[in-house]
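Q: Below you'll find protein_27.txt; it's compact mmCIF, N, CA and C atoms.
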# COMPACT_ATOMS: atom_id res chain seq x y z
N MET A 1 -3.26 40.42 -35.31
CA MET A 1 -3.05 39.72 -34.07
C MET A 1 -2.23 38.45 -34.30
N ASP A 2 -2.47 37.78 -35.44
CA ASP A 2 -1.71 36.58 -35.75
C ASP A 2 -0.21 36.88 -35.81
N CYS A 3 0.13 38.07 -36.30
CA CYS A 3 1.54 38.46 -36.38
C CYS A 3 2.13 38.61 -34.98
N GLU A 4 1.33 39.16 -34.04
CA GLU A 4 1.82 39.33 -32.67
C GLU A 4 2.09 37.99 -32.01
N VAL A 5 1.17 37.02 -32.19
CA VAL A 5 1.35 35.69 -31.61
C VAL A 5 2.55 35.02 -32.22
N SER A 6 2.69 35.12 -33.54
CA SER A 6 3.82 34.52 -34.22
C SER A 6 5.13 35.13 -33.76
N ALA A 7 5.15 36.43 -33.61
CA ALA A 7 6.37 37.10 -33.14
C ALA A 7 6.69 36.69 -31.71
N SER A 8 5.67 36.57 -30.86
CA SER A 8 5.89 36.16 -29.47
C SER A 8 6.43 34.74 -29.42
N PHE A 9 5.87 33.84 -30.24
CA PHE A 9 6.33 32.46 -30.27
C PHE A 9 7.77 32.39 -30.73
N SER A 10 8.11 33.15 -31.77
CA SER A 10 9.49 33.15 -32.27
C SER A 10 10.44 33.64 -31.20
N SER A 11 10.04 34.67 -30.47
CA SER A 11 10.88 35.20 -29.40
C SER A 11 11.07 34.16 -28.30
N LEU A 12 9.98 33.51 -27.90
CA LEU A 12 10.04 32.48 -26.86
C LEU A 12 10.91 31.32 -27.30
N LYS A 13 10.75 30.91 -28.56
CA LYS A 13 11.52 29.80 -29.10
C LYS A 13 13.01 30.12 -29.09
N SER A 14 13.36 31.32 -29.50
CA SER A 14 14.79 31.67 -29.53
C SER A 14 15.35 31.79 -28.12
N GLN A 15 14.52 32.25 -27.15
CA GLN A 15 14.99 32.33 -25.77
C GLN A 15 15.22 30.93 -25.21
N SER A 16 14.34 29.98 -25.53
CA SER A 16 14.48 28.61 -25.03
C SER A 16 15.76 27.98 -25.56
N PHE A 17 16.03 28.17 -26.85
CA PHE A 17 17.23 27.59 -27.43
C PHE A 17 18.48 28.30 -26.90
N ALA A 18 18.35 29.56 -26.55
CA ALA A 18 19.49 30.29 -26.03
C ALA A 18 19.94 29.72 -24.69
N ARG A 19 19.04 29.07 -23.95
CA ARG A 19 19.38 28.52 -22.63
C ARG A 19 19.98 27.12 -22.72
N LEU A 20 20.03 26.54 -23.89
CA LEU A 20 20.62 25.20 -24.02
C LEU A 20 22.11 25.29 -23.74
N PRO A 21 22.68 24.24 -23.14
CA PRO A 21 24.11 24.27 -22.80
C PRO A 21 24.97 24.36 -24.06
N THR A 22 26.05 25.09 -23.92
CA THR A 22 26.94 25.26 -25.06
C THR A 22 28.26 24.53 -24.88
N SER A 23 28.64 24.22 -23.65
CA SER A 23 29.91 23.53 -23.44
C SER A 23 29.64 22.06 -23.13
N LYS A 24 30.67 21.24 -23.31
CA LYS A 24 30.54 19.82 -23.05
C LYS A 24 30.28 19.56 -21.57
N ALA A 25 30.96 20.28 -20.68
CA ALA A 25 30.78 20.10 -19.23
C ALA A 25 29.35 20.45 -18.83
N THR A 26 28.81 21.53 -19.38
CA THR A 26 27.44 21.93 -19.06
C THR A 26 26.46 20.90 -19.59
N THR A 27 26.69 20.39 -20.79
CA THR A 27 25.83 19.37 -21.37
C THR A 27 25.82 18.12 -20.49
N GLU A 28 27.00 17.69 -20.03
CA GLU A 28 27.08 16.52 -19.16
C GLU A 28 26.34 16.74 -17.86
N ALA A 29 26.42 17.94 -17.30
CA ALA A 29 25.71 18.25 -16.05
C ALA A 29 24.21 18.18 -16.25
N VAL A 30 23.72 18.72 -17.37
CA VAL A 30 22.28 18.68 -17.67
C VAL A 30 21.83 17.23 -17.84
N VAL A 31 22.61 16.43 -18.55
CA VAL A 31 22.27 15.02 -18.76
C VAL A 31 22.23 14.28 -17.42
N LYS A 32 23.22 14.49 -16.55
CA LYS A 32 23.25 13.84 -15.24
C LYS A 32 22.04 14.25 -14.40
N GLU A 33 21.70 15.53 -14.43
CA GLU A 33 20.55 16.01 -13.66
C GLU A 33 19.27 15.36 -14.17
N THR A 34 19.13 15.27 -15.49
CA THR A 34 17.95 14.66 -16.09
C THR A 34 17.86 13.19 -15.73
N ILE A 35 18.98 12.49 -15.79
CA ILE A 35 19.00 11.07 -15.42
C ILE A 35 18.66 10.91 -13.94
N GLY A 36 19.17 11.79 -13.10
CA GLY A 36 18.87 11.75 -11.67
C GLY A 36 17.38 11.93 -11.41
N MET A 37 16.76 12.88 -12.12
CA MET A 37 15.32 13.10 -11.95
C MET A 37 14.55 11.88 -12.43
N ALA A 38 14.96 11.30 -13.54
CA ALA A 38 14.28 10.12 -14.06
C ALA A 38 14.41 8.96 -13.08
N GLY A 39 15.58 8.80 -12.48
CA GLY A 39 15.77 7.74 -11.47
C GLY A 39 14.86 7.95 -10.28
N GLY A 40 14.68 9.19 -9.86
CA GLY A 40 13.78 9.50 -8.75
C GLY A 40 12.34 9.16 -9.09
N ILE A 41 11.95 9.44 -10.32
CA ILE A 41 10.58 9.12 -10.76
C ILE A 41 10.39 7.61 -10.77
N VAL A 42 11.36 6.86 -11.26
CA VAL A 42 11.28 5.40 -11.29
C VAL A 42 11.19 4.86 -9.86
N ALA A 43 12.01 5.37 -8.95
CA ALA A 43 12.00 4.90 -7.56
C ALA A 43 10.65 5.19 -6.91
N ALA A 44 10.11 6.39 -7.13
CA ALA A 44 8.81 6.74 -6.55
C ALA A 44 7.72 5.84 -7.11
N SER A 45 7.78 5.54 -8.40
CA SER A 45 6.79 4.66 -9.01
C SER A 45 6.87 3.25 -8.42
N PHE A 46 8.09 2.78 -8.16
CA PHE A 46 8.29 1.46 -7.58
C PHE A 46 7.68 1.38 -6.19
N VAL A 47 7.91 2.42 -5.37
CA VAL A 47 7.35 2.46 -4.01
C VAL A 47 5.83 2.47 -4.08
N LEU A 48 5.26 3.26 -4.98
CA LEU A 48 3.81 3.29 -5.11
C LEU A 48 3.27 1.94 -5.56
N ALA A 49 3.97 1.27 -6.45
CA ALA A 49 3.52 -0.04 -6.91
C ALA A 49 3.53 -1.04 -5.77
N LEU A 50 4.56 -0.99 -4.92
CA LEU A 50 4.61 -1.91 -3.78
C LEU A 50 3.50 -1.63 -2.80
N SER A 51 3.26 -0.35 -2.49
CA SER A 51 2.23 -0.02 -1.51
C SER A 51 0.84 -0.25 -2.07
N ALA A 52 0.70 -0.27 -3.39
CA ALA A 52 -0.61 -0.50 -3.98
C ALA A 52 -1.08 -1.91 -3.72
N GLY A 53 -0.17 -2.86 -3.48
CA GLY A 53 -0.54 -4.24 -3.24
C GLY A 53 -0.74 -4.58 -1.78
N ALA A 54 -0.97 -3.60 -0.93
CA ALA A 54 -1.14 -3.86 0.49
C ALA A 54 -2.37 -3.12 1.01
N ALA A 55 -3.04 -3.74 1.97
CA ALA A 55 -4.18 -3.14 2.64
C ALA A 55 -3.93 -3.24 4.14
N THR A 56 -4.62 -2.41 4.90
CA THR A 56 -4.42 -2.39 6.35
C THR A 56 -5.74 -2.63 7.07
N VAL A 57 -5.67 -3.45 8.13
CA VAL A 57 -6.80 -3.69 9.02
C VAL A 57 -6.34 -3.32 10.42
N LYS A 58 -7.11 -2.46 11.09
CA LYS A 58 -6.82 -2.10 12.48
C LYS A 58 -7.43 -3.14 13.41
N LEU A 59 -6.69 -3.50 14.44
CA LEU A 59 -7.19 -4.39 15.48
C LEU A 59 -7.65 -3.52 16.63
N GLY A 60 -8.96 -3.31 16.71
CA GLY A 60 -9.56 -2.39 17.67
C GLY A 60 -9.82 -1.06 17.01
N SER A 61 -11.02 -0.51 17.25
CA SER A 61 -11.36 0.79 16.65
C SER A 61 -10.69 1.92 17.43
N ASP A 62 -10.64 3.08 16.81
CA ASP A 62 -10.05 4.25 17.47
C ASP A 62 -10.79 4.60 18.76
N ALA A 63 -12.09 4.26 18.82
CA ALA A 63 -12.91 4.56 20.00
C ALA A 63 -12.79 3.46 21.07
N GLY A 64 -12.05 2.40 20.76
CA GLY A 64 -11.83 1.34 21.75
C GLY A 64 -12.72 0.13 21.60
N ALA A 65 -13.56 0.09 20.56
CA ALA A 65 -14.43 -1.07 20.35
C ALA A 65 -13.60 -2.28 19.94
N LEU A 66 -14.06 -3.45 20.35
CA LEU A 66 -13.37 -4.71 20.03
C LEU A 66 -13.85 -5.20 18.66
N VAL A 67 -13.30 -4.59 17.63
CA VAL A 67 -13.66 -4.88 16.24
C VAL A 67 -12.41 -4.78 15.37
N PHE A 68 -12.52 -5.36 14.17
CA PHE A 68 -11.53 -5.14 13.13
C PHE A 68 -12.04 -3.98 12.28
N VAL A 69 -11.16 -3.08 11.88
CA VAL A 69 -11.55 -1.94 11.06
C VAL A 69 -10.71 -1.91 9.80
N PRO A 70 -11.29 -2.19 8.63
CA PRO A 70 -12.68 -2.56 8.40
C PRO A 70 -12.91 -4.03 8.78
N ASP A 71 -14.16 -4.38 9.01
CA ASP A 71 -14.46 -5.78 9.36
C ASP A 71 -14.56 -6.66 8.12
N THR A 72 -14.77 -6.06 6.96
CA THR A 72 -14.76 -6.79 5.68
C THR A 72 -13.88 -6.01 4.71
N LEU A 73 -13.01 -6.74 4.05
CA LEU A 73 -12.04 -6.12 3.15
C LEU A 73 -11.98 -6.94 1.87
N THR A 74 -11.97 -6.28 0.72
CA THR A 74 -11.83 -6.97 -0.56
C THR A 74 -10.50 -6.59 -1.18
N ILE A 75 -9.73 -7.61 -1.57
CA ILE A 75 -8.41 -7.40 -2.17
C ILE A 75 -8.28 -8.28 -3.41
N LYS A 76 -7.17 -8.15 -4.10
CA LYS A 76 -6.89 -8.97 -5.27
C LYS A 76 -5.92 -10.09 -4.89
N THR A 77 -5.96 -11.16 -5.64
CA THR A 77 -5.04 -12.28 -5.44
C THR A 77 -3.60 -11.78 -5.46
N GLY A 78 -2.81 -12.25 -4.49
CA GLY A 78 -1.41 -11.87 -4.40
C GLY A 78 -1.15 -10.67 -3.52
N GLU A 79 -2.20 -10.01 -3.06
CA GLU A 79 -2.01 -8.84 -2.21
C GLU A 79 -1.78 -9.25 -0.76
N THR A 80 -1.20 -8.33 -0.01
CA THR A 80 -0.87 -8.54 1.39
C THR A 80 -1.75 -7.65 2.25
N VAL A 81 -2.17 -8.20 3.39
CA VAL A 81 -2.92 -7.42 4.37
C VAL A 81 -2.03 -7.25 5.60
N GLU A 82 -1.93 -6.01 6.06
CA GLU A 82 -1.19 -5.71 7.27
C GLU A 82 -2.21 -5.49 8.39
N PHE A 83 -2.07 -6.24 9.46
CA PHE A 83 -2.92 -6.10 10.63
C PHE A 83 -2.14 -5.27 11.65
N VAL A 84 -2.73 -4.14 12.07
CA VAL A 84 -2.06 -3.20 12.96
C VAL A 84 -2.79 -3.14 14.30
N ASN A 85 -2.06 -3.42 15.38
CA ASN A 85 -2.63 -3.35 16.72
C ASN A 85 -2.95 -1.90 17.03
N ASN A 86 -4.21 -1.63 17.37
CA ASN A 86 -4.65 -0.26 17.55
C ASN A 86 -5.06 0.04 18.99
N VAL A 87 -6.18 -0.52 19.42
CA VAL A 87 -6.73 -0.22 20.75
C VAL A 87 -7.37 -1.49 21.30
N GLY A 88 -7.39 -1.63 22.63
CA GLY A 88 -8.09 -2.74 23.27
C GLY A 88 -7.32 -4.05 23.28
N PHE A 89 -6.03 -3.98 23.15
CA PHE A 89 -5.19 -5.17 23.07
C PHE A 89 -5.12 -5.88 24.41
N PRO A 90 -4.68 -7.14 24.44
CA PRO A 90 -3.97 -7.85 23.37
C PRO A 90 -4.93 -8.39 22.31
N HIS A 91 -4.42 -8.45 21.08
CA HIS A 91 -5.18 -9.00 19.95
C HIS A 91 -4.30 -10.01 19.22
N ASN A 92 -4.95 -10.86 18.45
CA ASN A 92 -4.26 -11.70 17.49
C ASN A 92 -5.17 -11.90 16.29
N VAL A 93 -4.69 -12.62 15.28
CA VAL A 93 -5.47 -12.85 14.06
C VAL A 93 -5.42 -14.34 13.79
N VAL A 94 -6.59 -14.99 13.93
CA VAL A 94 -6.68 -16.44 13.74
C VAL A 94 -7.70 -16.70 12.63
N PHE A 95 -7.26 -17.40 11.58
CA PHE A 95 -8.16 -17.73 10.48
C PHE A 95 -8.90 -19.02 10.81
N ASP A 96 -10.21 -18.98 10.56
CA ASP A 96 -11.11 -20.09 10.86
C ASP A 96 -11.00 -21.14 9.77
N GLU A 97 -10.51 -22.33 10.12
CA GLU A 97 -10.28 -23.38 9.11
C GLU A 97 -11.57 -23.80 8.40
N ASP A 98 -12.72 -23.54 9.00
CA ASP A 98 -14.00 -23.87 8.36
C ASP A 98 -14.54 -22.72 7.51
N ASN A 99 -13.82 -21.62 7.48
CA ASN A 99 -14.32 -20.44 6.77
C ASN A 99 -13.24 -19.83 5.87
N ILE A 100 -12.47 -20.71 5.20
CA ILE A 100 -11.46 -20.29 4.23
C ILE A 100 -11.56 -21.21 3.02
N PRO A 101 -11.00 -20.84 1.88
CA PRO A 101 -11.09 -21.69 0.69
C PRO A 101 -10.46 -23.08 0.91
N ASP A 102 -11.03 -24.08 0.25
CA ASP A 102 -10.48 -25.44 0.32
C ASP A 102 -9.02 -25.45 -0.12
N GLY A 103 -8.21 -26.22 0.60
CA GLY A 103 -6.81 -26.36 0.25
C GLY A 103 -5.90 -25.32 0.87
N VAL A 104 -6.46 -24.34 1.58
CA VAL A 104 -5.65 -23.31 2.23
C VAL A 104 -5.43 -23.72 3.68
N ASN A 105 -4.20 -23.57 4.16
CA ASN A 105 -3.85 -23.93 5.52
C ASN A 105 -4.08 -22.74 6.45
N ALA A 106 -5.07 -22.86 7.33
CA ALA A 106 -5.42 -21.77 8.25
C ALA A 106 -4.25 -21.41 9.16
N GLU A 107 -3.49 -22.39 9.60
CA GLU A 107 -2.37 -22.12 10.51
C GLU A 107 -1.29 -21.26 9.84
N SER A 108 -1.07 -21.48 8.55
CA SER A 108 -0.03 -20.70 7.86
C SER A 108 -0.45 -19.24 7.67
N LEU A 109 -1.75 -18.97 7.67
CA LEU A 109 -2.24 -17.59 7.55
C LEU A 109 -2.32 -16.88 8.89
N SER A 110 -2.56 -17.65 9.95
CA SER A 110 -2.85 -17.09 11.28
C SER A 110 -1.62 -16.53 11.97
N HIS A 111 -1.90 -15.61 12.90
CA HIS A 111 -0.88 -15.02 13.76
C HIS A 111 -1.41 -15.14 15.19
N GLU A 112 -1.16 -16.31 15.80
CA GLU A 112 -1.76 -16.61 17.09
C GLU A 112 -1.06 -15.93 18.26
N ASP A 113 0.19 -15.51 18.09
CA ASP A 113 0.86 -14.77 19.16
C ASP A 113 0.17 -13.43 19.34
N TYR A 114 0.05 -13.01 20.59
CA TYR A 114 -0.63 -11.75 20.88
C TYR A 114 0.22 -10.54 20.51
N LEU A 115 -0.45 -9.54 19.97
CA LEU A 115 0.15 -8.23 19.77
C LEU A 115 -0.23 -7.43 21.02
N ASN A 116 0.75 -6.99 21.77
CA ASN A 116 0.50 -6.39 23.08
C ASN A 116 0.70 -4.89 23.14
N ALA A 117 1.21 -4.28 22.09
CA ALA A 117 1.48 -2.85 22.13
C ALA A 117 0.87 -2.17 20.91
N PRO A 118 0.50 -0.92 21.06
CA PRO A 118 -0.04 -0.20 19.90
C PRO A 118 1.00 -0.09 18.80
N GLY A 119 0.55 -0.27 17.56
CA GLY A 119 1.44 -0.14 16.41
C GLY A 119 2.12 -1.42 15.99
N GLU A 120 2.05 -2.49 16.81
CA GLU A 120 2.64 -3.76 16.39
C GLU A 120 1.87 -4.29 15.18
N THR A 121 2.57 -4.92 14.26
CA THR A 121 1.93 -5.39 13.04
C THR A 121 2.31 -6.83 12.70
N VAL A 122 1.43 -7.47 11.96
CA VAL A 122 1.70 -8.75 11.32
C VAL A 122 1.09 -8.65 9.92
N THR A 123 1.61 -9.44 8.99
CA THR A 123 1.10 -9.40 7.62
C THR A 123 0.77 -10.80 7.13
N THR A 124 -0.18 -10.85 6.23
CA THR A 124 -0.58 -12.11 5.59
C THR A 124 -0.77 -11.84 4.11
N LYS A 125 -0.20 -12.71 3.28
CA LYS A 125 -0.36 -12.61 1.83
C LYS A 125 -1.38 -13.65 1.38
N PHE A 126 -2.27 -13.24 0.49
CA PHE A 126 -3.36 -14.11 0.03
C PHE A 126 -3.17 -14.47 -1.43
N GLU A 127 -2.95 -15.77 -1.66
CA GLU A 127 -2.64 -16.25 -3.00
C GLU A 127 -3.82 -16.91 -3.71
N LYS A 128 -4.87 -17.27 -2.97
CA LYS A 128 -5.98 -18.00 -3.56
C LYS A 128 -7.28 -17.20 -3.41
N PRO A 129 -8.03 -17.06 -4.50
CA PRO A 129 -9.31 -16.34 -4.41
C PRO A 129 -10.28 -17.05 -3.47
N GLY A 130 -11.15 -16.26 -2.86
CA GLY A 130 -12.17 -16.82 -1.98
C GLY A 130 -12.41 -15.93 -0.79
N SER A 131 -13.21 -16.44 0.14
CA SER A 131 -13.56 -15.72 1.35
C SER A 131 -12.80 -16.31 2.54
N TYR A 132 -12.20 -15.44 3.34
CA TYR A 132 -11.39 -15.85 4.48
C TYR A 132 -11.96 -15.23 5.76
N GLY A 133 -12.53 -16.06 6.62
CA GLY A 133 -13.03 -15.58 7.89
C GLY A 133 -11.96 -15.69 8.97
N TYR A 134 -11.90 -14.68 9.83
CA TYR A 134 -10.90 -14.69 10.90
C TYR A 134 -11.48 -14.03 12.14
N TYR A 135 -10.76 -14.18 13.25
CA TYR A 135 -11.21 -13.62 14.51
C TYR A 135 -10.01 -13.32 15.40
N CYS A 136 -10.30 -12.55 16.46
CA CYS A 136 -9.32 -12.30 17.52
C CYS A 136 -9.67 -13.28 18.63
N GLU A 137 -8.75 -14.17 18.95
CA GLU A 137 -9.03 -15.24 19.91
C GLU A 137 -9.52 -14.73 21.27
N PRO A 138 -8.85 -13.75 21.91
CA PRO A 138 -9.34 -13.33 23.22
C PRO A 138 -10.65 -12.54 23.17
N HIS A 139 -11.03 -12.03 21.99
CA HIS A 139 -12.23 -11.20 21.89
C HIS A 139 -13.28 -11.78 20.94
N ARG A 140 -13.14 -13.04 20.61
CA ARG A 140 -14.09 -13.68 19.70
C ARG A 140 -15.50 -13.65 20.28
N GLY A 141 -15.64 -13.92 21.58
CA GLY A 141 -16.95 -13.90 22.23
C GLY A 141 -17.59 -12.52 22.23
N ALA A 142 -16.78 -11.48 22.11
CA ALA A 142 -17.29 -10.10 22.05
C ALA A 142 -17.66 -9.71 20.61
N GLY A 143 -17.45 -10.66 19.68
CA GLY A 143 -17.82 -10.39 18.29
C GLY A 143 -16.72 -9.82 17.43
N MET A 144 -15.47 -9.96 17.85
CA MET A 144 -14.36 -9.43 17.05
C MET A 144 -14.03 -10.42 15.94
N LEU A 145 -14.78 -10.26 14.83
CA LEU A 145 -14.67 -11.15 13.67
C LEU A 145 -14.41 -10.29 12.43
N GLY A 146 -13.74 -10.88 11.48
CA GLY A 146 -13.48 -10.17 10.22
C GLY A 146 -13.54 -11.10 9.04
N LYS A 147 -13.58 -10.50 7.85
CA LYS A 147 -13.61 -11.29 6.62
C LYS A 147 -12.81 -10.57 5.55
N ILE A 148 -12.02 -11.36 4.83
CA ILE A 148 -11.26 -10.84 3.68
C ILE A 148 -11.74 -11.61 2.45
N VAL A 149 -12.15 -10.86 1.44
CA VAL A 149 -12.58 -11.46 0.18
C VAL A 149 -11.45 -11.22 -0.84
N VAL A 150 -10.93 -12.31 -1.36
CA VAL A 150 -9.83 -12.24 -2.33
C VAL A 150 -10.39 -12.54 -3.71
N GLN A 151 -10.22 -11.59 -4.62
CA GLN A 151 -10.75 -11.74 -5.98
C GLN A 151 -9.68 -12.15 -6.95
What's the structure tokens form of this structure?

A:
Amino acid sequence: MDCEVSASFSSLKSQSFARLPTSKATTEAVVKETIGMAGGIVAASFVLALSAGAATVKLGSDAGALVFVPDTLTIKTGETVEFVNNVGFPHNVVFDEDNIPDGVNAESLSHEDYLNAPGETVTTKFEKPGSYGYYCEPHRGAGMLGKIVVQ
């Protein structure tokens, strides 16, 4: 049986080498194709790396509740949160100056202008570790509160 496996491997090996390009033009085409595939892999990796540093919070639940979904989110320092207007608008995102880390400017994080249409977005980048409390100004009394924990 060992002879059969060895013979099969030798046959496979010679077939693989037989498919290698023999002319300079064919070799250049194979190299260009390989470089193109490698470039595509690098580009895809770059896109994944960028999207890995972002999280999403919906403003309003799919069922129409006046909540942030999720209402608590944990991210890493330097990551960005995208707030997406979902249901029950208008909404906004206001950070509570008494419920954010010392030295952070609540106004610079907040998005006080109303999002009036589904799918509208705003983003906030978090550079300092700590807990960040926020709310939707028109729905604060209804309990539309959220928290982002930055590690």

Q: From a DSSP calculation on the backbone, collect every residue of region 57-93 of chain A in strand (DSSP E) and output the set as an mmCIF file with N, CA and C atoms, in the frame of the given file.

A:
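Result file result_5.cif:
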data_model
loop_
_atom_site.group_PDB
_atom_site.id
_atom_site.type_symbol
_atom_site.label_atom_id
_atom_site.label_comp_id
_atom_site.auth_asym_id
_atom_site.auth_seq_id
_atom_site.Cartn_x
_atom_site.Cartn_y
_atom_site.Cartn_z
ATOM 1 N N VAL A 57 -5.670 -3.450 8.130
ATOM 2 C CA VAL A 57 -6.800 -3.690 9.020
ATOM 3 C C VAL A 57 -6.340 -3.320 10.420
ATOM 4 N N LYS A 58 -7.110 -2.460 11.090
ATOM 5 C CA LYS A 58 -6.820 -2.100 12.480
ATOM 6 C C LYS A 58 -7.430 -3.140 13.410
ATOM 7 N N LEU A 59 -6.690 -3.500 14.440
ATOM 8 C CA LEU A 59 -7.190 -4.390 15.480
ATOM 9 C C LEU A 59 -7.650 -3.520 16.630
ATOM 10 N N PHE A 68 -12.520 -5.360 14.170
ATOM 11 C CA PHE A 68 -11.530 -5.140 13.130
ATOM 12 C C PHE A 68 -12.040 -3.980 12.280
ATOM 13 N N VAL A 69 -11.160 -3.080 11.880
ATOM 14 C CA VAL A 69 -11.550 -1.940 11.060
ATOM 15 C C VAL A 69 -10.710 -1.910 9.800
ATOM 16 N N THR A 72 -14.770 -6.060 6.960
ATOM 17 C CA THR A 72 -14.760 -6.790 5.680
ATOM 18 C C THR A 72 -13.880 -6.010 4.710
ATOM 19 N N LEU A 73 -13.010 -6.740 4.050
ATOM 20 C CA LEU A 73 -12.040 -6.120 3.150
ATOM 21 C C LEU A 73 -11.980 -6.940 1.870
ATOM 22 N N THR A 74 -11.970 -6.280 0.720
ATOM 23 C CA THR A 74 -11.830 -6.970 -0.560
ATOM 24 C C THR A 74 -10.500 -6.590 -1.180
ATOM 25 N N ILE A 75 -9.730 -7.610 -1.570
ATOM 26 C CA ILE A 75 -8.410 -7.400 -2.170
ATOM 27 C C ILE A 75 -8.280 -8.280 -3.410
ATOM 28 N N THR A 80 -1.200 -8.330 -0.010
ATOM 29 C CA THR A 80 -0.870 -8.540 1.390
ATOM 30 C C THR A 80 -1.750 -7.650 2.250
ATOM 31 N N VAL A 81 -2.170 -8.200 3.390
ATOM 32 C CA VAL A 81 -2.920 -7.420 4.370
ATOM 33 C C VAL A 81 -2.030 -7.250 5.600
ATOM 34 N N GLU A 82 -1.930 -6.010 6.060
ATOM 35 C CA GLU A 82 -1.190 -5.710 7.270
ATOM 36 C C GLU A 82 -2.210 -5.490 8.390
ATOM 37 N N PHE A 83 -2.070 -6.240 9.460
ATOM 38 C CA PHE A 83 -2.920 -6.100 10.630
ATOM 39 C C PHE A 83 -2.140 -5.270 11.650
ATOM 40 N N VAL A 84 -2.730 -4.140 12.070
ATOM 41 C CA VAL A 84 -2.060 -3.200 12.960
ATOM 42 C C VAL A 84 -2.790 -3.140 14.300
ATOM 43 N N ASN A 85 -2.060 -3.420 15.380
ATOM 44 C CA ASN A 85 -2.630 -3.350 16.720
ATOM 45 C C ASN A 85 -2.950 -1.900 17.030
ATOM 46 N N HIS A 91 -4.420 -8.450 21.080
ATOM 47 C CA HIS A 91 -5.180 -9.000 19.950
ATOM 48 C C HIS A 91 -4.300 -10.010 19.220
ATOM 49 N N ASN A 92 -4.950 -10.860 18.450
ATOM 50 C CA ASN A 92 -4.260 -11.700 17.490
ATOM 51 C C ASN A 92 -5.170 -11.900 16.290
ATOM 52 N N VAL A 93 -4.690 -12.620 15.280
ATOM 53 C CA VAL A 93 -5.470 -12.850 14.060
ATOM 54 C C VAL A 93 -5.420 -14.340 13.790
#

Q: Show me, as a PyMOL selection string, the residues that have an atom within 8 Å of Asp71 (chain A) when counting only C-alpha atoms, minus same-chain residues fewer than 6 positions from it.

A: chain A and resi 57+145-147

Q: Expressed in Å to a single decimal, how great is the separation between CA of Tyr114 (chain A) and CA of Gln151 (chain A)?

A: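 These two atoms are separated by 28.7 Å.
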
Q: Which of these, A:Ala54, A:Ala63, A:Cys136, A:Leu115, has the shortest distance to Phe95 (chain A) once you count only C-alpha atoms?

A: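 Checking each candidate against Phe95 (chain A), we get A:Cys136 as the closest.
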
Q: Could you jot down the atom N of Val84 (chain A) to atom C of Gly103 (chain A) separation for me, Å, one decimal place?

A: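 These atoms are spaced 24.2 Å apart.
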
Q: One number please: atom N of Asp62 (chain A) to CA of Glu127 (chain A), in Å, one decimal.

A: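 Between atom N of Asp62 (chain A) and CA of Glu127 (chain A) the gap is 28.8 Å.
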
Q: Might you pull out every residue within 8 Å of Pro90 (chain A), with all atoms listed in the file counted and same-chain residues fewer than 2 positions away left off, and present them as number ranges by chain?

A: A: 59, 85, 87-88, 92, 113-117, 136-139

Q: Please define a box with edges along x, y and z of the file around all atoms of region 96-100 of chain A given in the file, extend it by 8 Å on each side, and return its centre and edge lengths in Å to one decimal, as lines of an AutoDock Vina configuration file.

A:
center_x = -12.4
center_y = -21.4
center_z = 6.9
size_x = 20.3
size_y = 20.9
size_z = 23.8

Q: Taking into account only C-alpha atoms, which residue in the set A:Asn99, A:Phe83, A:Thr56, A:Gly64 is nearest to Val122 (chain A)?

A: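 When distances to Val122 (chain A) are compared using only C-alpha atoms, the smallest one comes from A:Phe83.
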
Q: With distances taken over all atoms listed in the file, which of A:Pro118, A:Pro70, A:Gly143, A:His111 is nearest to Phe89 (chain A)?

A: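 Going through A:Pro118, A:Pro70, A:Gly143, A:His111 one by one, the smallest distance to Phe89 (chain A) is for A:Pro118.
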
Q: Given the choices A:Thr124, A:Gly119, A:Glu107, A:Ala55, which gets closest to Thr74 (chain A) if the distance is worked out from only C-alpha atoms?

A: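 Counting only C-alpha atoms, the residue closest to Thr74 (chain A) is A:Ala55.
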
Q: Can I get C-alpha atoms for region 108-122 of chain A, as a short mmCIF file (atom, residue, chain, number, x, y, z; two decimals), in the first residue's frame?

A:
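Okay, out_18.cif is ready:
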data_model
loop_
_atom_site.label_atom_id
_atom_site.label_comp_id
_atom_site.auth_asym_id
_atom_site.auth_seq_id
_atom_site.Cartn_x
_atom_site.Cartn_y
_atom_site.Cartn_z
CA SER A 108 -18.05 67.73 22.45
CA LEU A 109 -19.47 64.19 22.75
CA SER A 110 -23.14 65.15 22.43
CA HIS A 111 -25.30 65.39 19.32
CA GLU A 112 -28.08 67.73 20.38
CA ASP A 113 -29.57 68.24 16.91
CA TYR A 114 -32.52 65.95 16.34
CA LEU A 115 -32.33 62.97 14.02
CA ASN A 116 -35.69 63.08 12.27
CA ALA A 117 -35.57 60.24 9.75
CA PRO A 118 -34.92 56.53 10.00
CA GLY A 119 -31.33 55.58 9.25
CA GLU A 120 -29.80 58.98 10.12
CA THR A 121 -26.57 58.54 12.07
CA VAL A 122 -24.12 60.38 14.27
#
